[in-house]
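Below is one structure, written out as structure tokens; comments come after it.
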Amino acid sequence: MENSKLDTSKIVKYLKQVEDAKNEAIAIAYDLEEQKTTSKKLVSVYQEIMGSSKGNSCDMIIRDLIRIEDIQNELKLKTTYWKEKRKEVKEFIETLDIPSKEKIILSLKYLCNKKSYEIGEVLGISDKQVNRLHNIILEKLVKNKIHIPKCSKCPKCL
């Protein structure tokens with residue numbers, strides 16, 4: 001049974017990659033907004049400095065403005081990765097040999113980030129039933145020795 005738990009945790013880890021990728025993209029987006037706000041303040045300082053001999057301050061401001069471009073590029077990469085991971089996991093769930101109700105539970109939980117009570121509302125069952133079904137689905141996948149795809153695009157993959 002211990003081996004089974006390791007296998008279910010690997011399945012969950014794989015399915016949660018969508019949420020992890022989304023959270024990484026969101027964190028970068030927040031960083032970008034913070035950097036933009038800071039840079040707006042720096043632009044006014046930069047304009048004051050332009051006439052003075054404070055070259056080091058100008059260099060620092062220019063570096064901060066360049067950082068915005070770097071963060072934008074990183075955000076594009078993270079967003080693209082999130083979309084690709086979402087598509088990959090969606091295809092994985094769709095190809096599973098399980099009833100459609102079980103696919104709905106996995107899709108709502110891992111692609112839509114819905115809580116058990118929200119999934120229960122959609123399916124007309126309690127959140128406890130959703131949790132029980134979720135565990136049964138994972139055990140079924142382990143029993144069927146489902147193949148979890150490996151991703152060559154990120155170091156976090158299984």
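The way I read the labels, and the way they are meant: chains A, B, ... in the order of the structure tokens, residue 1 as the first residue of every chain, and ligand 1 as the first ligand shown, with later ones counted on from there.
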With a distance cut-off of 12 Å and only C-alpha atoms, select the neighbouring residues of stretch 7-24 of chain A, excluding the residue or stretch itself and same-chain residues fewer than 6 positions from it, and output the selection as JSON, numbers by chain. {"A": [1, 30, 31, 74, 75, 76, 77, 78, 79, 80, 81, 82, 83, 84, 85, 86, 87, 88, 89, 90, 91, 92, 93, 106, 107, 108, 109, 110, 111, 112, 113, 114, 134, 135, 136, 137, 138, 139, 140, 141, 142, 143, 144, 145, 146, 147, 148, 149, 150, 151, 154, 155, 156, 157, 158]}
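Residues within 12 Å of A:Glu33, counting only C-alpha atoms and excluding same-chain residues fewer than 5 positions away, are Ile26, Ala27, Ile28, Thr38, Ser39, Lys40, Arg67, Ile68, Glu69, Ile71, Gln72 and Leu75 of chain A.
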Take the residues just selected and output them with N, CA and C atoms as a PDB file, in the first residue's frame.
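To be explicit, this is the file written out as again-v9.pdb:
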```pdb
ATOM      1  N   ILE A  26       1.473  34.045 -12.497  1.00  0.00           N
ATOM      2  CA  ILE A  26       0.853  35.112 -11.704  1.00  0.00           C
ATOM      3  C   ILE A  26       1.905  35.850 -10.877  1.00  0.00           C
ATOM      4  N   ALA A  27       2.826  35.113 -10.302  1.00  0.00           N
ATOM      5  CA  ALA A  27       3.886  35.748  -9.498  1.00  0.00           C
ATOM      6  C   ALA A  27       4.729  36.682 -10.361  1.00  0.00           C
ATOM      7  N   ILE A  28       5.040  36.253 -11.570  1.00  0.00           N
ATOM      8  CA  ILE A  28       5.811  37.101 -12.487  1.00  0.00           C
ATOM      9  C   ILE A  28       4.993  38.332 -12.876  1.00  0.00           C
ATOM     10  N   THR A  38       7.304  51.098  -9.775  1.00  0.00           N
ATOM     11  CA  THR A  38       8.574  51.661  -9.323  1.00  0.00           C
ATOM     12  C   THR A  38       9.222  52.473 -10.430  1.00  0.00           C
ATOM     13  N   SER A  39       9.155  51.961 -11.645  1.00  0.00           N
ATOM     14  CA  SER A  39       9.799  52.637 -12.771  1.00  0.00           C
ATOM     15  C   SER A  39       9.130  53.957 -13.101  1.00  0.00           C
ATOM     16  N   LYS A  40       7.822  54.053 -12.936  1.00  0.00           N
ATOM     17  CA  LYS A  40       7.129  55.322 -13.174  1.00  0.00           C
ATOM     18  C   LYS A  40       7.681  56.391 -12.242  1.00  0.00           C
ATOM     19  N   ARG A  67      15.072  45.991 -16.729  1.00  0.00           N
ATOM     20  CA  ARG A  67      14.536  44.857 -15.973  1.00  0.00           C
ATOM     21  C   ARG A  67      13.070  44.615 -16.328  1.00  0.00           C
ATOM     22  N   ILE A  68      12.314  45.652 -16.596  1.00  0.00           N
ATOM     23  CA  ILE A  68      10.909  45.488 -16.984  1.00  0.00           C
ATOM     24  C   ILE A  68      10.815  44.634 -18.240  1.00  0.00           C
ATOM     25  N   GLU A  69      11.667  44.913 -19.192  1.00  0.00           N
ATOM     26  CA  GLU A  69      11.661  44.128 -20.430  1.00  0.00           C
ATOM     27  C   GLU A  69      12.005  42.661 -20.146  1.00  0.00           C
ATOM     28  N   ILE A  71      11.455  41.043 -17.339  1.00  0.00           N
ATOM     29  CA  ILE A  71      10.310  40.441 -16.647  1.00  0.00           C
ATOM     30  C   ILE A  71       9.187  40.157 -17.648  1.00  0.00           C
ATOM     31  N   GLN A  72       8.969  41.061 -18.599  1.00  0.00           N
ATOM     32  CA  GLN A  72       7.943  40.831 -19.623  1.00  0.00           C
ATOM     33  C   GLN A  72       8.264  39.574 -20.427  1.00  0.00           C
ATOM     34  N   LEU A  75       7.546  36.606 -18.274  1.00  0.00           N
ATOM     35  CA  LEU A  75       6.103  36.404 -18.169  1.00  0.00           C
ATOM     36  C   LEU A  75       5.563  35.703 -19.411  1.00  0.00           C
TER      37      LEU A  75
END
```
I'd like the interatomic distance between atom CA of A:Glu102 and atom CA of A:Lys128, to a tenth of an Å. 14.8 Å
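Atom CA of A:Ile119 lies 20.7 Å from atom CA of A:Thr95.
Of the residues listed (A:Val130, A:Ala25, A:Ile98, A:Leu32), A:Val130 shows the shortest atom-to-atom separation from A:Glu118; distances use only C-alpha atoms.
Reported to one decimal place, the separation of atom CA of A:Ile105 from atom CA of A:Leu133 is 8.3 Å.
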